[in-house]
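Colleague: Structure file target.pdb (PDB, C-alpha atoms (C1' of nucleotides)) is given on the next line.
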ATOM      1  CA  MET A   1     -37.850 -15.438 -29.941
ATOM      2  CA  PRO A   2     -39.480 -17.561 -32.636
ATOM      3  CA  LYS A   3     -38.956 -21.214 -33.187
ATOM      4  CA  GLN A   4     -35.635 -21.517 -34.895
ATOM      5  CA  GLU A   5     -32.995 -24.103 -35.710
ATOM      6  CA  ALA A   6     -30.458 -24.158 -32.964
ATOM      7  CA  GLY A   7     -27.258 -22.564 -34.128
ATOM      8  CA  CYS A   8     -28.641 -19.664 -36.098
ATOM      9  CA  CYS A   9     -26.883 -16.396 -35.411
ATOM     10  CA  GLU A  10     -24.322 -18.015 -33.173
ATOM     11  CA  PRO A  11     -20.830 -16.559 -33.192
ATOM     12  CA  LEU A  12     -19.640 -18.082 -36.480
ATOM     13  CA  PRO A  13     -18.516 -21.450 -37.712
ATOM     14  CA  GLU A  14     -14.925 -22.455 -38.197
ATOM     15  CA  ASP A  15     -14.002 -21.124 -41.597
ATOM     16  CA  PRO A  16     -13.707 -24.218 -43.737
ATOM     17  CA  LEU A  17     -11.624 -22.499 -46.382
ATOM     18  CA  ALA A  18      -8.733 -20.509 -45.019
ATOM     19  CA  ALA A  19      -8.361 -16.997 -46.340
ATOM     20  CA  GLU A  20      -4.956 -17.727 -47.803
ATOM     21  CA  GLN A  21      -6.122 -20.785 -49.687
ATOM     22  CA  ALA A  22      -9.177 -18.913 -50.875
ATOM     23  CA  ALA A  23      -6.937 -16.242 -52.364
ATOM     24  CA  GLU A  24      -4.896 -18.843 -54.200
ATOM     25  CA  LEU A  25      -7.881 -20.778 -55.523
ATOM     26  CA  SER A  26      -9.914 -17.728 -56.435
ATOM     27  CA  ALA A  27      -7.038 -16.512 -58.603
ATOM     28  CA  MET A  28      -7.355 -19.716 -60.611
ATOM     29  CA  PHE A  29     -11.100 -19.327 -60.969
ATOM     30  CA  LYS A  30     -10.703 -15.715 -61.931
ATOM     31  CA  ALA A  31      -8.401 -16.756 -64.755
ATOM     32  CA  LEU A  32     -11.233 -18.798 -66.237
ATOM     33  CA  GLY A  33     -13.763 -16.052 -65.595
ATOM     34  CA  ASP A  34     -13.412 -14.720 -69.116
ATOM     35  CA  PRO A  35     -14.937 -16.437 -72.160
ATOM     36  CA  VAL A  36     -11.837 -15.912 -74.277
ATOM     37  CA  ARG A  37      -9.555 -17.522 -71.706
ATOM     38  CA  LEU A  38     -11.947 -20.400 -71.152
ATOM     39  CA  ARG A  39     -12.024 -21.085 -74.881
ATOM     40  CA  LEU A  40      -8.255 -20.805 -75.073
ATOM     41  CA  LEU A  41      -7.862 -23.394 -72.347
ATOM     42  CA  SER A  42     -10.378 -25.632 -74.032
ATOM     43  CA  MET A  43      -8.608 -25.337 -77.376
ATOM     44  CA  ILE A  44      -5.224 -26.073 -75.829
ATOM     45  CA  ALA A  45      -6.624 -29.092 -74.017
ATOM     46  CA  SER A  46      -8.477 -30.409 -77.016
ATOM     47  CA  ARG A  47      -5.351 -31.311 -78.914
ATOM     48  CA  SER A  48      -4.329 -34.925 -78.785
ATOM     49  CA  GLU A  49      -0.701 -33.819 -79.051
ATOM     50  CA  GLY A  50      -1.224 -32.035 -75.733
ATOM     51  CA  GLU A  51       0.035 -28.721 -76.996
ATOM     52  CA  VAL A  52      -0.918 -26.008 -79.415
ATOM     53  CA  CYS A  53       1.023 -23.363 -81.280
ATOM     54  CA  VAL A  54      -0.012 -19.769 -80.595
ATOM     55  CA  CYS A  55      -0.268 -19.241 -84.313
ATOM     56  CA  GLU A  56      -3.276 -21.527 -84.303
ATOM     57  CA  LEU A  57      -4.967 -19.867 -81.349
ATOM     58  CA  THR A  58      -4.746 -16.253 -82.408
ATOM     59  CA  PRO A  59      -6.765 -16.470 -85.659
ATOM     60  CA  ALA A  60      -9.562 -18.360 -83.888
ATOM     61  CA  PHE A  61     -10.731 -15.108 -82.289
ATOM     62  CA  GLU A  62     -11.730 -11.773 -83.674
ATOM     63  CA  LEU A  63      -9.302 -10.091 -81.373
ATOM     64  CA  SER A  64      -5.903  -8.540 -81.880
ATOM     65  CA  GLN A  65      -2.789 -10.648 -81.440
ATOM     66  CA  PRO A  66      -1.612  -8.723 -78.348
ATOM     67  CA  THR A  67      -4.961  -9.346 -76.699
ATOM     68  CA  ILE A  68      -4.638 -13.097 -77.149
ATOM     69  CA  SER A  69      -1.070 -12.916 -75.915
ATOM     70  CA  HIS A  70      -2.278 -11.061 -72.837
ATOM     71  CA  HIS A  71      -4.898 -13.695 -72.056
ATOM     72  CA  LEU A  72      -2.354 -16.482 -72.477
ATOM     73  CA  LYS A  73      -0.104 -14.686 -70.026
ATOM     74  CA  LEU A  74      -2.884 -14.570 -67.449
ATOM     75  CA  LEU A  75      -3.583 -18.273 -67.905
ATOM     76  CA  ARG A  76       0.106 -18.945 -67.396
ATOM     77  CA  GLN A  77       0.321 -16.747 -64.286
ATOM     78  CA  ALA A  78      -2.628 -18.619 -62.816
ATOM     79  CA  GLY A  79      -0.764 -21.875 -63.284
ATOM     80  CA  LEU A  80      -3.292 -23.252 -65.731
ATOM     81  CA  VAL A  81      -0.955 -23.554 -68.694
ATOM     82  CA  ASP A  82       2.728 -23.447 -69.444
ATOM     83  CA  CYS A  83       4.610 -22.714 -72.635
ATOM     84  CA  GLU A  84       7.877 -23.149 -74.434
ATOM     85  CA  ARG A  85       9.445 -21.470 -77.403
ATOM     86  CA  ARG A  86      10.664 -23.768 -80.139
ATOM     87  CA  GLY A  87      12.282 -21.820 -82.896
ATOM     88  CA  THR A  88       9.918 -19.254 -84.244
ATOM     89  CA  TRP A  89       6.846 -20.675 -82.602
ATOM     90  CA  VAL A  90       5.597 -20.843 -79.013
ATOM     91  CA  TYR A  91       3.653 -23.852 -77.807
ATOM     92  CA  TYR A  92       1.203 -23.946 -74.897
ATOM     93  CA  TRP A  93      -0.040 -26.933 -72.910
ATOM     94  CA  VAL A  94      -2.350 -27.469 -69.946
ATOM     95  CA  ARG A  95      -1.090 -28.082 -66.413
ATOM     96  CA  PRO A  96      -3.551 -30.660 -65.077
ATOM     97  CA  GLU A  97      -2.386 -30.233 -61.475
ATOM     98  CA  THR A  98      -4.157 -26.894 -61.435
ATOM     99  CA  THR A  99      -7.386 -27.932 -63.103
ATOM    100  CA  ASP A 100      -7.462 -30.993 -60.863
ATOM    101  CA  ARG A 101      -7.150 -28.840 -57.776
ATOM    102  CA  MET A 102     -10.026 -26.658 -58.901
ATOM    103  CA  ALA A 103     -12.145 -29.693 -59.716
ATOM    104  CA  ALA A 104     -11.416 -31.131 -56.269
ATOM    105  CA  MET A 105     -12.595 -27.955 -54.606
ATOM    106  CA  LEU A 106     -15.813 -28.001 -56.619
ATOM    107  CA  SER A 107     -16.451 -31.648 -55.906
ATOM    108  CA  SER A 108     -16.079 -31.107 -52.205
ATOM    109  CA  VAL A 109     -18.626 -28.323 -52.460
ATOM    110  CA  SER A 110     -21.263 -30.415 -54.180
ATOM    111  CA  GLU A 111     -20.658 -33.168 -51.664
ATOM    112  CA  ARG A 112     -21.454 -30.612 -48.954
ATOM    113  CA  ARG A 113     -18.340 -31.164 -46.954
ATOM    114  CA  ALA A 114     -15.718 -28.870 -45.539
ATOM    115  CA  VAL A 115     -13.018 -28.014 -48.020
ATOM    116  CA  THR A 116      -9.409 -28.721 -47.342
ATOM    117  CA  ALA A 117      -8.103 -28.863 -50.890
TER     118      ALA A 117
ATOM    119  CA  MET B 118      10.901 -23.894 -93.875
ATOM    120  CA  PRO B 119      12.307 -25.649 -90.794
ATOM    121  CA  LYS B 120      11.413 -29.091 -89.629
ATOM    122  CA  GLN B 121       8.056 -28.734 -87.978
ATOM    123  CA  GLU B 122       5.138 -30.824 -86.817
ATOM    124  CA  ALA B 123       2.607 -31.027 -89.557
ATOM    125  CA  GLY B 124      -0.404 -28.938 -88.700
ATOM    126  CA  CYS B 125       1.266 -25.889 -87.207
ATOM    127  CA  CYS B 126      -0.167 -22.648 -88.497
ATOM    128  CA  GLU B 127      -2.861 -24.347 -90.456
ATOM    129  CA  PRO B 128      -6.212 -22.569 -90.717
ATOM    130  CA  LEU B 129      -7.537 -23.356 -87.263
ATOM    131  CA  PRO B 130      -9.092 -26.284 -85.446
ATOM    132  CA  GLU B 131     -12.749 -26.746 -84.815
ATOM    133  CA  ASP B 132     -13.513 -24.763 -81.713
ATOM    134  CA  PRO B 133     -14.149 -27.379 -79.046
ATOM    135  CA  LEU B 134     -16.009 -24.997 -76.760
ATOM    136  CA  ALA B 135     -18.678 -22.988 -78.488
ATOM    137  CA  ALA B 136     -18.638 -19.277 -77.820
ATOM    138  CA  GLU B 137     -22.075 -19.320 -76.270
ATOM    139  CA  GLN B 138     -21.258 -22.113 -73.853
ATOM    140  CA  ALA B 139     -17.987 -20.400 -73.005
ATOM    141  CA  ALA B 140     -19.887 -17.271 -72.039
ATOM    142  CA  GLU B 141     -22.192 -19.235 -69.773
ATOM    143  CA  LEU B 142     -19.445 -21.232 -68.103
ATOM    144  CA  SER B 143     -17.060 -18.314 -67.733
ATOM    145  CA  ALA B 144     -19.751 -16.420 -65.848
ATOM    146  CA  MET B 145     -19.773 -19.229 -63.288
ATOM    147  CA  PHE B 146     -16.006 -19.212 -62.989
ATOM    148  CA  LYS B 147     -15.984 -15.464 -62.663
ATOM    149  CA  ALA B 148     -18.359 -15.716 -59.742
ATOM    150  CA  LEU B 149     -15.759 -17.788 -57.901
ATOM    151  CA  GLY B 150     -12.945 -15.513 -58.991
ATOM    152  CA  ASP B 151     -13.131 -13.518 -55.787
ATOM    153  CA  PRO B 152     -11.778 -14.829 -52.471
ATOM    154  CA  VAL B 153     -14.776 -13.597 -50.516
ATOM    155  CA  ARG B 154     -17.252 -15.376 -52.765
ATOM    156  CA  LEU B 155     -15.197 -18.547 -52.777
ATOM    157  CA  ARG B 156     -15.166 -18.565 -48.991
ATOM    158  CA  LEU B 157     -18.873 -17.821 -48.880
ATOM    159  CA  LEU B 158     -19.584 -20.797 -51.113
ATOM    160  CA  SER B 159     -17.315 -22.961 -49.026
ATOM    161  CA  MET B 160     -18.997 -21.878 -45.812
ATOM    162  CA  ILE B 161     -22.443 -22.502 -47.231
ATOM    163  CA  ALA B 162     -21.433 -25.930 -48.480
ATOM    164  CA  SER B 163     -19.690 -26.893 -45.259
ATOM    165  CA  ARG B 164     -22.895 -27.087 -43.260
ATOM    166  CA  SER B 165     -24.320 -30.525 -42.777
ATOM    167  CA  GLU B 166     -27.796 -28.976 -42.721
ATOM    168  CA  GLY B 167     -27.138 -27.900 -46.298
ATOM    169  CA  GLU B 168     -27.973 -24.284 -45.666
ATOM    170  CA  VAL B 169     -26.697 -21.302 -43.751
ATOM    171  CA  CYS B 170     -28.286 -18.173 -42.373
ATOM    172  CA  VAL B 171     -26.872 -14.905 -43.708
ATOM    173  CA  CYS B 172     -26.512 -13.752 -40.130
ATOM    174  CA  GLU B 173     -23.773 -16.322 -39.714
ATOM    175  CA  LEU B 174     -21.952 -15.414 -42.903
ATOM    176  CA  THR B 175     -21.747 -11.669 -42.501
ATOM    177  CA  PRO B 176     -19.741 -11.530 -39.254
ATOM    178  CA  ALA B 177     -17.192 -14.015 -40.645
ATOM    179  CA  PHE B 178     -15.683 -11.257 -42.791
ATOM    180  CA  GLU B 179     -14.276  -7.858 -42.034
ATOM    181  CA  LEU B 180     -16.542  -6.365 -44.623
ATOM    182  CA  SER B 181     -19.729  -4.363 -44.411
ATOM    183  CA  GLN B 182     -23.095  -6.116 -44.475
ATOM    184  CA  PRO B 183     -24.068  -4.642 -47.875
ATOM    185  CA  THR B 184     -20.849  -5.953 -49.366
ATOM    186  CA  ILE B 185     -21.574  -9.506 -48.245
ATOM    187  CA  SER B 186     -25.122  -9.131 -49.511
ATOM    188  CA  HIS B 187     -23.785  -8.030 -52.869
ATOM    189  CA  HIS B 188     -21.450 -11.028 -53.146
ATOM    190  CA  LEU B 189     -24.281 -13.387 -52.259
ATOM    191  CA  LYS B 190     -26.347 -11.821 -54.991
ATOM    192  CA  LEU B 191     -23.602 -12.467 -57.545
ATOM    193  CA  LEU B 192     -23.316 -16.086 -56.433
ATOM    194  CA  ARG B 193     -27.052 -16.435 -56.847
ATOM    195  CA  GLN B 194     -27.066 -14.815 -60.296
ATOM    196  CA  ALA B 195     -24.348 -17.235 -61.382
ATOM    197  CA  GLY B 196     -26.557 -20.127 -60.347
ATOM    198  CA  LEU B 197     -24.164 -21.326 -57.672
ATOM    199  CA  VAL B 198     -26.502 -20.823 -54.730
ATOM    200  CA  ASP B 199     -30.128 -20.165 -54.053
ATOM    201  CA  CYS B 200     -31.887 -18.661 -51.064
ATOM    202  CA  GLU B 201     -35.159 -18.395 -49.241
ATOM    203  CA  ARG B 202     -36.505 -16.041 -46.643
ATOM    204  CA  ARG B 203     -37.925 -17.680 -43.539
ATOM    205  CA  GLY B 204     -39.273 -15.092 -41.197
ATOM    206  CA  THR B 205     -36.618 -12.598 -40.301
ATOM    207  CA  TRP B 206     -33.715 -14.622 -41.652
ATOM    208  CA  VAL B 207     -32.576 -15.580 -45.137
ATOM    209  CA  TYR B 208     -30.995 -18.969 -45.753
ATOM    210  CA  TYR B 209     -28.617 -19.860 -48.577
ATOM    211  CA  TRP B 210     -27.731 -23.267 -49.988
ATOM    212  CA  VAL B 211     -25.538 -24.594 -52.787
ATOM    213  CA  ARG B 212     -26.890 -25.664 -56.163
ATOM    214  CA  PRO B 213     -24.763 -28.703 -56.990
ATOM    215  CA  GLU B 214     -25.901 -28.809 -60.629
ATOM    216  CA  THR B 215     -23.772 -25.745 -61.239
ATOM    217  CA  THR B 216     -20.659 -26.820 -59.390
ATOM    218  CA  ASP B 217     -20.945 -30.219 -61.038
ATOM    219  CA  ARG B 218     -21.050 -28.638 -64.450
ATOM    220  CA  MET B 219     -17.933 -26.623 -63.716
ATOM    221  CA  ALA B 220     -16.162 -29.691 -62.358
ATOM    222  CA  ALA B 221     -17.086 -31.635 -65.493
ATOM    223  CA  MET B 222     -15.573 -28.950 -67.673
ATOM    224  CA  LEU B 223     -12.352 -29.003 -65.659
ATOM    225  CA  SER B 224     -12.145 -32.777 -65.706
ATOM    226  CA  SER B 225     -12.496 -32.866 -69.452
ATOM    227  CA  VAL B 226      -9.654 -30.385 -69.678
ATOM    228  CA  SER B 227      -7.259 -32.415 -67.584
ATOM    229  CA  GLU B 228      -8.202 -35.464 -69.592
ATOM    230  CA  ARG B 229      -7.165 -33.512 -72.674
ATOM    231  CA  ARG B 230     -10.362 -34.049 -74.568
ATOM    232  CA  ALA B 231     -12.697 -31.745 -76.378
ATOM    233  CA  VAL B 232     -15.251 -30.171 -74.108
ATOM    234  CA  THR B 233     -18.934 -30.575 -74.710
ATOM    235  CA  ALA B 234     -20.203 -29.995 -71.168
TER     236      ALA B 234
ATOM    237  C1'  DA C 235     -49.375   1.462 -35.223
ATOM    238  C1'  DG C 236     -44.775   1.921 -34.193
ATOM    239  C1'  DG C 237     -40.221   0.510 -33.198
ATOM    240  C1'  DC C 238     -36.688  -2.920 -33.879
ATOM    241  C1'  DT C 239     -33.759  -6.291 -36.373
ATOM    242  C1'  DG C 240     -32.054  -8.650 -40.474
ATOM    243  C1'  DT C 241     -31.279  -8.233 -45.293
ATOM    244  C1'  DA C 242     -31.361  -5.894 -49.853
ATOM    245  C1'  DT C 243     -30.855  -1.870 -52.877
ATOM    246  C1'  DT C 244     -28.907   2.608 -54.302
ATOM    247  C1'  DG C 245     -25.404   5.679 -55.502
ATOM    248  C1'  DA C 246     -20.622   6.996 -55.398
ATOM    249  C1'  DA C 247     -15.359   6.439 -55.201
ATOM    250  C1'  DG C 248     -11.324   4.051 -56.238
ATOM    251  C1'  DT C 249      -9.294   0.082 -58.391
ATOM    252  C1'  DT C 250      -8.961  -3.524 -61.759
ATOM    253  C1'  DT C 251      -9.814  -5.502 -66.273
ATOM    254  C1'  DG C 252     -10.198  -6.082 -71.425
ATOM    255  C1'  DT C 253      -8.951  -4.195 -75.478
ATOM    256  C1'  DC C 254      -6.435  -1.547 -78.720
ATOM    257  C1'  DT C 255      -2.183   0.689 -81.195
ATOM    258  C1'  DA C 256       2.567   1.088 -81.172
ATOM    259  C1'  DT C 257       6.798  -0.889 -80.212
ATOM    260  C1'  DG C 258      10.292  -4.363 -78.790
ATOM    261  C1'  DC C 259      12.486  -8.847 -78.863
ATOM    262  C1'  DA C 260      13.735 -13.579 -80.630
ATOM    263  C1'  DG C 261      14.690 -16.605 -84.255
ATOM    264  C1'  DT C 262      14.936 -17.615 -89.420
ATOM    265  C1'  DG C 263      16.622 -17.087 -93.861
ATOM    266  C1'  DT C 264      18.606 -14.592 -97.577
TER     267       DT C 264
ATOM    268  C1'  DA D 265      24.212  -7.756 -91.648
ATOM    269  C1'  DC D 266      19.657  -7.179 -92.899
ATOM    270  C1'  DA D 267      14.873  -7.847 -93.482
ATOM    271  C1'  DC D 268      10.989 -10.648 -92.169
ATOM    272  C1'  DT D 269       7.821 -13.240 -89.159
ATOM    273  C1'  DG D 270       5.896 -14.732 -84.666
ATOM    274  C1'  DC D 271       5.082 -13.436 -80.154
ATOM    275  C1'  DA D 272       5.499 -10.366 -76.031
ATOM    276  C1'  DT D 273       5.483  -5.890 -73.706
ATOM    277  C1'  DA D 274       4.148  -0.890 -72.828
ATOM    278  C1'  DG D 275       0.937   2.618 -72.486
ATOM    279  C1'  DA D 276      -3.784   4.406 -72.944
ATOM    280  C1'  DC D 277      -8.664   4.352 -72.334
ATOM    281  C1'  DA D 278     -13.421   2.777 -71.505
ATOM    282  C1'  DA D 279     -15.993  -0.572 -69.003
ATOM    283  C1'  DA D 280     -16.608  -3.414 -65.106
ATOM    284  C1'  DC D 281     -15.709  -4.590 -60.336
ATOM    285  C1'  DT D 282     -15.255  -4.075 -55.140
ATOM    286  C1'  DT D 283     -16.268  -1.562 -51.489
ATOM    287  C1'  DC D 284     -18.628   1.700 -48.545
ATOM    288  C1'  DA D 285     -22.344   4.859 -46.274
ATOM    289  C1'  DA D 286     -26.992   5.806 -46.636
ATOM    290  C1'  DT D 287     -31.403   4.240 -47.352
ATOM    291  C1'  DA D 288     -35.258   1.058 -48.208
ATOM    292  C1'  DC D 289     -37.773  -3.095 -47.394
ATOM    293  C1'  DA D 290     -39.657  -7.248 -44.785
ATOM    294  C1'  DG D 291     -41.055  -9.466 -40.833
ATOM    295  C1'  DC D 292     -41.358  -9.767 -35.736
ATOM    296  C1'  DC D 293     -42.851  -7.996 -31.260
ATOM    297  C1'  DT D 294     -44.907  -5.021 -28.001
TER     298       DT D 294
END
Output the structure of this file as C-alpha cells.
Modeller:
Amino acid sequence: MPKQEAGCCEPLPEDPLAAEQAAELSAMFKALGDPVRLRLLSMIASRSEGEVCVCELTPAFELSQPTISHHLKLLRQAGLVDCERRGTWVYYWVRPETTDRMAAMLSSVSERRAVTA
Amino acid sequence: MPKQEAGCCEPLPEDPLAAEQAAELSAMFKALGDPVRLRLLSMIASRSEGEVCVCELTPAFELSQPTISHHLKLLRQAGLVDCERRGTWVYYWVRPETTDRMAAMLSSVSERRAVTA
DNA sequence: AGGCTGTATTGAAGTTTGTCTATGCAGTGT
DNA sequence: ACACTGCATAGACAAACTTCAATACAGCCT
C-alpha cells in the first residue's frame, strides 16, 4: 500500500447534493444548454422594460418560427421565463428566482463547500 | 392598429449575447444539464481538500464505471473540472473560473442587463 | 515478467433533442 | 361572418446523448 492521503477509496462521502435536487437543478441547466435558448434568455433579460414580444425574438434567428416557439416553451417549462398574451402579441419575461437559484449553486461550488441550495 | 407599446415588432434589438459567446457558454450549461454530472461536480467541490479520487465517485452512483468516466470526461471538456493521475488513482478538482463565468452570466440576467460576460 | 487494480476508450443500443413542414388556435379588423 | 396575423402544437426525421459490456491502458507489487 503506497503512501496515500487518508480517506481515499473509503466507502463514500455523504452526497452533498441530493438526487432529487440534482434532478431539479439539472433540468434548469439543461434548458440553458442550447445556444439559441441562452441567447433568447439574454435577449429577454436585456430589455429595460423587463419583457419582450415574441415578434421581436423570432426574426433575430435564422430559424423557423415554430422552432423559436419550441425553445421558448422549454425555457418556460424550466421555470426560467414566464409569458402572457396581450391581444395579438405574447410577451416573455425572466423569472429571477430561477436564475438566482442556479447562480447560488454555482457560487457554492466555486467556494468549495457542500451545496444545499 | 391597437394601442401598443412603442417598439413592438420593430426590426430587432442588438443581440446582447453574441452567437459565439452563446455557443461557448451554452456548452458549459449543457455539461451541467445532467443530474449525474451535477452531482459529480457537487461532490468534487464539497471536499475541503479541493479534490476527489475517482474511486470515491464511482461507487456513489448505481451506474457502471465507464459511464462515470464518460461523465467526468464531459465535465473536463467543458472546462468545469480538471484532473491528474497520481500513481494508481486519478484526482479531480473544480475549475472555479468556469463556474464563476456561468454565475456572472446568470447574475447579469437576473439584474436585467445586457450580458457581456 | 506477469498478474492485479484503477481508470479510460471503443462500439453498440435505445432514448432524447433540435429542426422542419403542416396545421390549429386566438385575437383583430373589415 | 370572414379573412388575416401572431403564436402554439403535432408529427417526422436526422443528429446527439446516455448507458452498457467488452476491451485497452497505466501503474503497482510480487
Colleague: Could you work out how far CA of Pro213 (chain B) lies from CA of Asp100 (chain A), giving the answer in Å with one decimal?
Modeller: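 Rounded to one decimal, the two atoms are 17.9 Å apart.
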Colleague: Could you list, as a list in words, the residues of chain B having an atom within 8 Å of chain D when counting only C-alpha atoms (C1' of nucleotides)?
Modeller: Ser181, Thr184, Gly204 and Thr205 of chain B
Colleague: Can you work out which residues from chain B touch chain C at a cut-off of 10 Å (counting all atoms listed in the file) and hand them back as a PyMOL selection string?
Modeller: chain B and resi 118-119+171-172+182-183+186-187+190+202+204-207
Colleague: Kindly save the residues from that selection, with C-alpha atoms included, as an mmCIF file, in the coordinates of the input.
Modeller:
data_model
loop_
_atom_site.group_PDB
_atom_site.id
_atom_site.type_symbol
_atom_site.label_atom_id
_atom_site.label_comp_id
_atom_site.auth_asym_id
_atom_site.auth_seq_id
_atom_site.Cartn_x
_atom_site.Cartn_y
_atom_site.Cartn_z
ATOM 1 C CA MET B 118 10.901 -23.894 -93.875
ATOM 2 C CA PRO B 119 12.307 -25.649 -90.794
ATOM 3 C CA VAL B 171 -26.872 -14.905 -43.708
ATOM 4 C CA CYS B 172 -26.512 -13.752 -40.130
ATOM 5 C CA GLN B 182 -23.095 -6.116 -44.475
ATOM 6 C CA PRO B 183 -24.068 -4.642 -47.875
ATOM 7 C CA SER B 186 -25.122 -9.131 -49.511
ATOM 8 C CA HIS B 187 -23.785 -8.030 -52.869
ATOM 9 C CA LYS B 190 -26.347 -11.821 -54.991
ATOM 10 C CA ARG B 202 -36.505 -16.041 -46.643
ATOM 11 C CA GLY B 204 -39.273 -15.092 -41.197
ATOM 12 C CA THR B 205 -36.618 -12.598 -40.301
ATOM 13 C CA TRP B 206 -33.715 -14.622 -41.652
ATOM 14 C CA VAL B 207 -32.576 -15.580 -45.137
#
Colleague: What residues in chain B lie within 8 Å of chain A, counting only C-alpha atoms, written as a ChimeraX atom specification?
Modeller: /B:125-130,132-136,139-140,142-153,155-156,158-160,162-165,167,170,172-174,176-177,211-213,216-217,219-221,223-224,226-232
Colleague: Can you work out the spacing between CA of His188 (chain B) and CA of Cys200 (chain B) in Å, to one decimal?
Modeller: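 Computing the Euclidean distance for CA of His188 (chain B) and CA of Cys200 (chain B) yields 13.1 Å.
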Colleague: Take CA of Arg193 (chain B) and CA of Gln77 (chain A) and report the distance between them in Å, one decimal.
Modeller: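 It comes out at 28.4 Å.
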Colleague: Centre and edge lengths, as JSON, for the axis-aligned box enclosing every listed atom of region 15-24 of chain A with 8 Å of padding on each of the six sides, in Å to one decimal?
Modeller:
{"center_x": -9.4, "center_y": -20.2, "center_z": -47.9, "size_x": 25.1, "size_y": 24.0, "size_z": 28.6}
